[in-house]
Every structure is written in C-alpha cells, then in structure tokens.
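One file, coords.cif, carrying mmCIF, C-alpha atoms:
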data_work
#
loop_
_atom_site.label_atom_id
_atom_site.label_comp_id
_atom_site.auth_asym_id
_atom_site.auth_seq_id
_atom_site.Cartn_x
_atom_site.Cartn_y
_atom_site.Cartn_z
CA MET P 1 -4.54 50.86 37.13
CA ALA P 2 -1.25 50.37 38.93
CA ASN P 3 -0.64 46.63 38.61
CA LEU P 4 1.08 44.19 40.93
CA THR P 5 4.32 42.34 40.31
CA GLN P 6 3.96 38.59 39.88
CA THR P 7 5.52 38.00 43.31
CA GLU P 8 3.03 40.31 44.96
CA LYS P 9 0.14 38.62 43.19
CA ASN P 10 1.28 35.21 44.39
CA GLN P 11 1.41 36.55 47.94
CA THR P 12 -2.14 37.86 47.73
CA SER P 13 -4.16 35.03 46.23
CA ARG P 14 -7.06 36.19 48.40
CA PHE P 15 -7.46 39.09 45.98
CA ASP P 16 -7.42 37.30 42.63
CA TRP P 17 -10.69 39.09 41.90
CA ALA P 18 -8.84 42.43 41.87
CA ASP P 19 -7.79 41.92 38.25
CA TYR P 20 -11.44 41.37 37.32
CA ALA P 21 -12.38 44.54 39.19
CA LYS P 22 -9.69 46.53 37.39
CA GLY P 23 -10.91 45.04 34.12
CA ILE P 24 -14.43 46.25 34.85
CA GLY P 25 -13.05 49.65 35.80
CA ILE P 26 -10.89 50.10 32.72
CA PHE P 27 -13.79 49.10 30.47
CA LEU P 28 -15.86 51.85 32.08
CA VAL P 29 -13.01 54.34 31.61
CA VAL P 30 -12.73 53.55 27.89
CA LEU P 31 -16.50 53.63 27.47
CA GLY P 32 -16.77 56.97 29.26
CA HIS P 33 -14.03 58.61 27.24
CA SER P 34 -15.52 57.20 24.03
CA LEU P 35 -18.90 58.71 24.88
CA GLN P 36 -17.26 62.05 25.64
CA GLY P 37 -15.16 62.04 22.48
CA LEU P 38 -18.06 61.17 20.21
CA GLY P 39 -20.24 63.76 21.90
CA LYS P 40 -17.68 66.55 21.50
CA SER P 41 -17.20 65.68 17.83
CA HIS P 42 -21.01 65.72 17.32
CA ILE P 43 -21.02 62.15 16.03
CA LEU P 44 -23.07 60.94 18.98
CA PRO P 45 -25.94 63.39 19.50
CA SER P 46 -26.91 64.24 23.05
CA ALA P 47 -29.59 61.83 24.24
CA ALA P 48 -31.05 60.73 27.54
CA TRP P 49 -29.50 57.25 27.34
CA SER P 50 -25.96 58.40 26.51
CA ASP P 51 -25.97 61.29 28.99
CA GLY P 52 -27.39 59.01 31.68
CA LEU P 53 -24.88 56.26 30.97
CA GLU P 54 -21.99 58.70 31.14
CA ARG P 55 -23.21 60.16 34.43
CA TRP P 56 -23.79 56.65 35.81
CA LEU P 57 -20.26 55.42 35.23
CA TYR P 58 -18.65 58.71 36.29
CA ALA P 59 -20.48 58.42 39.61
CA PHE P 60 -18.14 55.67 40.78
CA HIS P 61 -15.52 54.43 38.32
CA MET P 62 -12.65 56.66 39.52
CA PRO P 63 -13.38 56.02 43.23
CA LEU P 64 -13.29 52.33 42.28
CA PHE P 65 -9.77 52.64 40.87
CA PHE P 66 -8.44 54.56 43.86
CA PHE P 67 -10.01 52.00 46.20
CA LEU P 68 -8.38 49.13 44.28
CA SER P 69 -5.05 50.97 44.19
CA GLY P 70 -5.08 51.16 47.98
CA LEU P 71 -5.76 47.45 48.52
CA PHE P 72 -2.13 46.34 48.63
CA ILE P 73 -0.41 49.53 49.73
CA ASP P 74 0.11 48.39 53.32
CA ARG P 75 2.68 45.89 52.07
CA ALA P 76 4.75 48.86 50.94
CA LEU P 77 5.14 49.91 54.57
CA LYS P 78 7.67 47.10 54.94
CA LYS P 79 9.94 48.66 52.30
CA PRO P 80 12.33 51.58 52.82
CA PHE P 81 10.60 54.75 51.70
CA ARG P 82 13.35 55.52 49.18
CA LYS P 83 12.84 52.16 47.45
CA LEU P 84 9.08 52.63 47.44
CA ALA P 85 9.40 56.11 45.94
CA ILE P 86 11.63 54.78 43.16
CA ASP P 87 9.21 51.91 42.49
CA ARG P 88 6.27 54.31 42.29
CA LEU P 89 8.14 56.63 39.93
CA LEU P 90 9.06 53.73 37.66
CA LEU P 91 5.53 52.34 37.71
CA LEU P 92 3.47 55.55 37.56
CA GLY P 93 5.74 58.52 36.90
CA TYR P 94 7.44 57.07 33.83
CA PRO P 95 4.25 56.24 31.86
CA TYR P 96 2.78 59.57 32.95
CA LEU P 97 5.66 61.50 31.39
CA LEU P 98 6.12 59.32 28.32
CA TRP P 99 2.49 58.98 27.30
CA SER P 100 1.63 62.58 28.12
CA VAL P 101 4.31 63.64 25.63
CA ILE P 102 3.13 61.08 23.06
CA GLN P 103 -0.47 62.26 23.37
CA ILE P 104 0.51 65.93 23.04
CA LEU P 105 2.60 65.15 19.95
CA MET P 106 -0.31 63.21 18.42
CA GLN P 107 -2.67 66.12 19.08
CA ILE P 108 -0.22 68.53 17.45
CA ALA P 109 0.18 66.22 14.44
CA MET P 110 -3.60 65.79 14.08
CA ALA P 111 -4.45 69.45 14.70
CA GLY P 112 -7.97 70.25 13.56
CA GLN P 113 -9.06 66.61 13.61
CA THR P 114 -9.11 65.94 17.36
CA ASN P 115 -11.38 67.35 20.06
CA SER P 116 -8.50 68.88 22.06
CA ALA P 117 -5.87 71.25 20.72
CA ALA P 118 -2.28 71.12 21.96
CA SER P 119 0.94 73.07 21.48
CA TRP P 120 4.63 72.53 22.12
CA TRP P 121 4.30 74.64 25.28
CA ASP P 122 2.07 71.93 26.77
CA ILE P 123 5.03 69.54 27.08
CA PRO P 124 6.91 71.35 29.89
CA LYS P 125 3.59 72.06 31.59
CA ILE P 126 3.03 68.36 32.30
CA ALA P 127 5.34 68.81 35.30
CA TYR P 128 2.48 70.54 37.11
CA GLU P 129 -0.57 70.40 34.83
CA PRO P 130 -1.57 66.85 33.80
CA VAL P 131 -2.81 66.27 30.27
CA GLN P 132 -6.47 65.25 30.24
CA GLN P 133 -6.93 61.71 31.65
CA PHE P 134 -3.33 61.46 32.89
CA TRP P 135 -4.30 63.36 36.03
CA PHE P 136 -5.08 59.93 37.49
CA LEU P 137 -1.46 58.73 37.36
CA TYR P 138 -0.20 62.06 38.73
CA VAL P 139 -2.67 62.10 41.62
CA LEU P 140 -2.24 58.39 42.41
CA LEU P 141 1.52 58.89 42.63
CA ILE P 142 1.11 61.76 45.08
CA VAL P 143 -1.58 60.09 47.19
CA SER P 144 0.24 56.76 47.48
CA LEU P 145 3.58 58.35 48.42
CA LEU P 146 2.01 60.66 50.99
CA TYR P 147 0.00 57.82 52.51
CA VAL P 148 3.04 55.60 52.96
CA LEU P 149 5.13 58.50 54.26
CA VAL P 150 2.68 59.45 57.01
CA ARG P 151 2.14 55.81 57.96
CA LYS P 152 5.90 55.33 58.27
CA LEU P 153 5.99 58.39 60.52
CA GLY P 154 3.70 56.51 62.90
CA VAL P 155 0.32 57.95 61.95
CA SER P 156 -2.42 55.35 62.40
CA TRP P 157 -4.81 54.25 59.68
CA LEU P 158 -7.75 55.73 61.59
CA VAL P 159 -6.10 59.14 61.67
CA CYS P 160 -5.40 58.88 57.93
CA LEU P 161 -9.04 57.97 57.41
CA GLY P 162 -10.24 60.94 59.44
CA VAL P 163 -7.97 63.41 57.66
CA SER P 164 -8.84 62.08 54.20
CA ALA P 165 -12.55 62.21 55.07
CA GLY P 166 -12.15 65.84 56.11
CA LEU P 167 -10.35 66.68 52.87
CA TYR P 168 -13.08 64.93 50.89
CA CYS P 169 -15.77 66.97 52.62
CA PHE P 170 -13.81 70.17 52.01
CA VAL P 171 -13.86 69.55 48.25
CA ALA P 172 -17.30 67.96 48.01
CA LEU P 173 -18.90 70.89 49.83
CA GLY P 174 -17.43 73.26 47.23
CA TRP P 175 -14.99 74.97 49.58
CA PHE P 176 -11.95 74.37 47.40
CA PRO P 177 -10.98 77.57 45.50
CA ASP P 178 -12.31 77.67 41.94
CA GLN P 179 -8.87 78.65 40.62
CA GLY P 180 -7.01 76.20 42.85
CA TRP P 181 -4.53 73.59 41.63
CA SER P 182 -6.59 70.76 40.15
CA VAL P 183 -4.05 68.13 41.24
CA LEU P 184 -4.44 69.18 44.87
CA GLU P 185 -8.22 69.23 44.56
CA ARG P 186 -8.35 65.71 43.15
CA SER P 187 -5.81 64.45 45.67
CA CYS P 188 -8.06 65.71 48.46
CA LEU P 189 -11.13 64.21 46.81
CA TYR P 190 -9.80 60.72 46.07
CA SER P 191 -7.41 60.09 48.96
CA LEU P 192 -10.40 58.92 51.01
CA PHE P 193 -11.11 56.05 48.62
CA PHE P 194 -7.43 55.08 48.55
CA THR P 195 -7.37 55.02 52.37
CA LEU P 196 -10.55 52.96 52.52
CA GLY P 197 -9.04 50.51 50.05
CA SER P 198 -5.97 50.10 52.24
CA GLY P 199 -8.21 49.41 55.23
CA TRP P 200 -10.23 46.84 53.31
CA GLY P 201 -7.09 45.08 52.15
CA ALA P 202 -5.40 45.03 55.55
CA ARG P 203 -8.32 44.41 57.89
CA LEU P 204 -11.61 43.51 56.35
CA GLY P 205 -10.87 40.38 54.31
CA ASN P 206 -11.61 39.81 50.68
CA GLY P 207 -15.30 39.40 50.18
CA LEU P 208 -18.94 40.18 50.79
CA PRO P 209 -20.96 38.25 53.38
CA SER P 210 -22.28 35.57 51.01
CA GLY P 211 -20.25 34.02 48.22
CA ARG P 212 -23.44 32.87 46.49
CA HIS P 213 -24.96 36.28 45.98
CA HIS P 214 -22.23 38.33 44.32
CA PHE P 215 -24.21 38.94 41.14
CA LEU P 216 -27.29 39.93 43.13
CA TRP P 217 -25.26 42.47 45.13
CA ALA P 218 -23.79 43.81 41.89
CA PHE P 219 -27.21 44.14 40.26
CA LEU P 220 -28.67 45.89 43.30
CA GLY P 221 -25.67 48.20 43.65
CA TYR P 222 -25.63 49.24 40.01
CA GLY P 223 -29.40 49.68 40.17
CA ILE P 224 -29.09 52.04 43.15
CA VAL P 225 -26.50 54.10 41.27
CA ALA P 226 -28.78 54.22 38.23
CA PHE P 227 -31.71 55.40 40.35
CA VAL P 228 -29.61 58.14 41.97
CA VAL P 229 -28.39 59.30 38.55
CA TRP P 230 -31.94 59.23 37.18
CA GLN P 231 -32.95 61.53 40.04
CA HIS P 232 -29.90 63.78 39.40
CA TRP P 233 -28.76 63.30 43.00
CA GLU P 234 -25.24 62.03 42.33
CA LYS P 235 -23.56 65.42 42.88
CA LEU P 236 -25.37 66.20 46.14
CA PHE P 237 -22.98 66.16 49.09
CA PRO P 238 -24.87 63.69 51.30
CA VAL P 239 -25.30 61.32 48.36
CA ARG P 240 -22.05 61.67 46.41
CA PHE P 241 -19.85 59.58 48.70
CA GLY P 242 -22.51 56.94 49.23
CA VAL P 243 -23.17 56.38 45.55
CA SER P 244 -19.41 56.20 44.89
CA MET P 245 -19.03 53.43 47.46
CA VAL P 246 -22.15 51.58 46.32
CA GLY P 247 -20.85 51.53 42.75
CA THR P 248 -17.40 50.49 43.96
CA PHE P 249 -18.70 47.56 45.99
CA ALA P 250 -21.09 46.56 43.20
CA SER P 251 -18.08 46.31 40.89
CA ILE P 252 -16.15 44.31 43.50
CA ALA P 253 -19.13 41.99 43.95
CA LEU P 254 -19.33 41.44 40.18
CA ALA P 255 -15.58 40.83 40.02
CA GLN P 256 -15.71 38.29 42.85
CA GLY P 257 -18.62 36.52 41.19
CA LEU P 258 -16.73 36.27 37.90
CA ASP P 259 -13.61 35.08 39.71
CA ARG P 260 -15.58 32.43 41.60
CA LEU P 261 -16.95 31.07 38.32
CA LYS P 262 -13.62 31.56 36.51
CA THR P 263 -15.49 32.95 33.55
CA LEU P 264 -15.06 35.87 31.12
CA ASP P 265 -11.31 35.72 31.53
CA VAL P 266 -11.01 38.51 28.96
CA ILE P 267 -12.11 40.95 31.67
CA ARG P 268 -9.35 39.70 33.96
CA ARG P 269 -6.84 40.25 31.14
CA TRP P 270 -8.08 43.82 30.72
CA GLY P 271 -7.39 44.29 34.41
CA ILE P 272 -3.86 42.89 34.22
CA LEU P 273 -3.16 45.25 31.32
CA SER P 274 -5.14 48.17 32.70
CA LEU P 275 -2.13 50.52 32.82
CA GLU P 276 -1.35 49.89 29.15
CA ILE P 277 -4.97 50.41 28.16
CA PHE P 278 -5.28 53.56 30.26
CA ALA P 279 -2.12 55.12 28.83
CA ALA P 280 -2.96 54.63 25.15
CA HIS P 281 -6.73 54.21 24.84
CA THR P 282 -7.50 57.88 24.17
CA ILE P 283 -5.08 57.99 21.26
CA ALA P 284 -6.44 54.70 19.91
CA SER P 285 -10.07 55.81 20.13
CA ALA P 286 -9.29 59.18 18.54
CA MET P 287 -7.51 57.49 15.64
CA ILE P 288 -10.44 55.21 14.82
CA ARG P 289 -12.87 58.13 15.14
CA VAL P 290 -10.86 60.23 12.68
CA LEU P 291 -10.45 57.28 10.31
CA LEU P 292 -14.18 56.52 10.25
CA SER P 293 -15.45 60.10 10.06
CA THR P 294 -12.79 61.79 7.93
CA GLY P 295 -11.28 58.91 5.98
CA LEU P 296 -14.36 56.77 5.34
CA HIS P 297 -17.03 59.45 5.90
CA LEU P 298 -19.00 57.19 8.23
CA GLN P 299 -21.05 58.94 10.91
CA LEU P 300 -23.03 56.03 12.37
CA PRO P 301 -23.02 56.65 16.15
CA TRP P 302 -23.30 52.99 17.19
CA LEU P 303 -20.53 51.91 14.83
CA HIS P 304 -18.28 54.64 16.19
CA LEU P 305 -19.07 53.75 19.81
CA VAL P 306 -18.48 50.01 19.43
CA LEU P 307 -15.25 50.43 17.47
CA SER P 308 -14.02 53.23 19.74
CA VAL P 309 -14.36 51.00 22.80
CA ALA P 310 -12.95 47.92 21.08
CA ILE P 311 -9.95 49.72 19.59
CA GLY P 312 -9.44 51.62 22.83
CA LEU P 313 -9.13 48.31 24.68
CA TYR P 314 -7.18 46.21 22.20
CA LEU P 315 -4.86 48.53 20.29
CA PRO P 316 -2.88 49.35 23.48
CA ILE P 317 -2.65 45.61 24.22
CA GLY P 318 -1.37 45.01 20.70
CA ILE P 319 1.17 47.82 21.02
CA ASP P 320 2.41 46.34 24.30
CA ARG P 321 2.77 42.87 22.78
CA LEU P 322 4.59 44.26 19.77
CA SER P 323 7.04 46.23 21.90
CA ARG P 324 7.75 43.17 24.04
CA SER P 325 8.19 40.97 20.97
CA VAL P 326 11.01 43.21 19.73
CA GLY P 327 12.72 43.16 23.11
CA PHE P 328 11.49 46.50 24.46
CA PRO P 329 9.21 45.91 27.49
CA TYR P 330 9.49 49.52 28.67
CA LEU P 331 6.86 51.25 26.57
CA PHE P 332 4.43 51.52 29.48
CA SER P 333 6.51 51.06 32.63
CA LEU P 334 10.11 50.73 33.76
CA LYS P 335 9.03 48.37 36.55
CA PRO P 336 8.37 44.73 35.52
CA ARG P 337 4.74 43.88 36.29
CA HIS P 338 3.58 40.87 34.31
CA ASN P 339 4.61 38.37 31.68
#
Could you quickly redo this structure as structure tokens?
Amino acid sequence: MANLTQTEKNQTSRFDWADYAKGIGIFLVVLGHSLQGLGKSHILPSAAWSDGLERWLYAFHMPLFFFLSGLFIDRALKKPFRKLAIDRLLLLGYPYLLWSVIQILMQIAMAGQTNSAASWWDIPKIAYEPVQQFWFLYVLLIVSLLYVLVRKLGVSWLVCLGVSAGLYCFVALGWFPDQGWSVLERSCLYSLFFTLGSGWGARLGNGLPSGRHHFLWAFLGYGIVAFVVWQHWEKLFPVRFGVSMVGTFASIALAQGLDRLKTLDVIRRWGILSLEIFAAHTIASAMIRVLLSTGLHLQLPWLHLVLSVAIGLYLPIGIDRLSRSVGFPYLFSLKPRHN
C-alpha cells in the first residue's frame, strides 16, 4: 500500500500495472475485513460461501502486497540510508501512528457498538503492539528498512533471499514461540515475499510470458487457490508458500491484462489511493455497520456487505479529497505521493 512518488512512477513506466495490482489487493483487504466484521457482529451468519471466500483471499492477499511493496525498493539503494529512513517514516510511520490513534479513539467513543474494545492505555502500546490491521504498516516499515540496510552493507540479493526463506520456514513450520512478539513473527513470515518482489522488479522484467493470456493465467491461478482452499490445504507447510505465490501472480496477471486494455480505471485509482483506503477503511465500514444495524435496524447481510465494501473504499477517498481541498494534504502521509 506504500505508493510511489510521481517522479518514481514516471521512471518506472514498465510497471504501470502495479497500481491495478494494488487496487485488486486493497479491494480484497476491504472485502476480507468486511466479512470478518459482519461475522463477528452476527449480521452475516457463518456459511460455506463466506467462510470459503474469506479463506481464499487470506491465502494470498497480504503476500501480494509485500511482493508489490518490494518491486521498487532497489531504487532506494541509491539513496543515503538516513534519507531513506526519513522517507519511510514519513510515508509509513506517520499514518501508522496517526490512524492507530484515530481508530483507538473511535473505538473508545463507540464502546459497545464495535467488535473490538479499546482503552486509553492502548495508545502508548502502539509503539510496540500494532492495532489490528495496522500491523502491516509497522511490519512493512521494519522489513523495508532492514532490507535496504543489509543490501547497503554489501549483502547480495541471493543471500537475502536465502535468509528470508529460512525465516519463512521457521514460522510456517510452527517453530516461532506462541507468546513471541507478533511483529517479529510477521516480519519473518512476509520478508520473503518482499525480497521476491525486489528480485522481480530488478531482474525479471515486468510481465508473464504471453501478453495475450493474462486473463487466462489469472483465472487459472485463482482457480488453483480456490481448489486448495476447498481442500483445506492452504495452511499446510508444503502448500502455503505455493498458494501464496500462485494467488500473487494471478493478481499480477489480472492487473497486467487490465492495464493492457486500459479498462476499469477505477481499480487503478483504488491502487493509487491504497494507503488512504487501508488507513481508514475499517473505521468507515464499522460506521456504516453501526448505522444500518443500530440506527436503521437493518440486518440484511447482503446489504451490509455491499455497503461495507463500498463505504470502506470510497469514504477514505472522500476524506482525502476533502482534506486536500482545505489545504491539508497530510492526513494520510507527510511524504507527497500523488496529485
């Protein structure tokens, strides 16, 4: 969800599809959190289709985002580490702190109406214990800084790949302590996908073998993930990594197909604004859920799901536009990223 500056995007026209891929990813994030929220509030009863859909998208959508986040990181190797660290803090650390506090305050204000309780003591804890979905920004900040640091120290990409693969296996095999620091566990788990993304961006080009078959590759990839989920194999160690990569490349294939046709530009816009959507979508979806169920006494699952996803996508975009229109472009990041 970490976006590129306009200059960086101009320098990497080979990867115009990346915004489409991030758009696909952020849609899956909002959909997944909407399914979880409605399930916890007992508005959406447990069913085979909803449970299967949730397991399907969770099989690959976070590996997809770490892979995409690594695509352009090798360019950062040209910058002084101090400048890179400041840039990363402005881009990722600032929205992590700000929106973690906002979400905690909203949960305190709406106590008894949301699925997660919060207290004032949760605010200082965000320094080491991320709030719900904000673990992604925390972990991405750590992984990206560590990756650049070790590369600047002369460690090769292949060594980084080997170490990250070992860390992934350590966690995936269940060897990480049950009471261990969750940030460290997730950093070990997802650094492999970040490293693979950096390798793809630096060495392997920008596409699949045939430009005419992107949608076929996407259909086949998503179908394989669905079959694995149907068989309940997605958590098995030999399968877990494979299904994550199949889903990731299926999403990339779909994104490249959409970019080739220059269609469904709304998905590309979601990708450009993925950080804004990620930061505020949980609050937005919770607000519409409370309004419908408590204010209007509507319990229709499909209505809740559709509006939860739609509001989760577009209310953050509206908030961003409003803040920019009043001359405050710093509601989601201190680093300029897009017009």
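Minimum distance to Lys235 of chain P across P:Phe134, P:Phe328, P:Phe60, P:Tyr128 (counting all atoms listed in the file) occurs at P:Phe60.
When all atoms listed in the file are used to compute distances to Ile224 of chain P, the closest of the residues P:Leu264, P:Leu44, P:Ala59, P:Leu89 turns out to be P:Ala59.
Pairwise distance (atom CA of Leu84 of chain P, atom CA of Tyr138 of chain P) equals 15.8 Å.
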When you look at Phe193 of chain P with a cut-off of 8 Å (counting all atoms listed in the file), what residues show up, excluding the ones that are within fewer than 6 positions of it in the same chain? I need them as a list in words.
Pro63, Leu64, Phe66, Phe67 and Gly70 of chain P
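Between Ala286 of chain P and the residues P:Arg75, P:Ala218, P:His304, P:Lys152, the shortest atom-to-atom distance, using only C-alpha atoms, involves P:His304.
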Enumerate, as a PyMOL selection string, the residues matched when the PyMOL selection byres ((chain P and resi 228) around 12) is run on the file above.
chain P and resi 52+55-57+59-60+221-227+229-236+238-244+246-247
Expected residue set, 8 Å radius at (-12.3, 42.0, 40.5), only C-alpha atoms, as number ranges by chain:
P: 15-24, 251-256, 258-259, 268
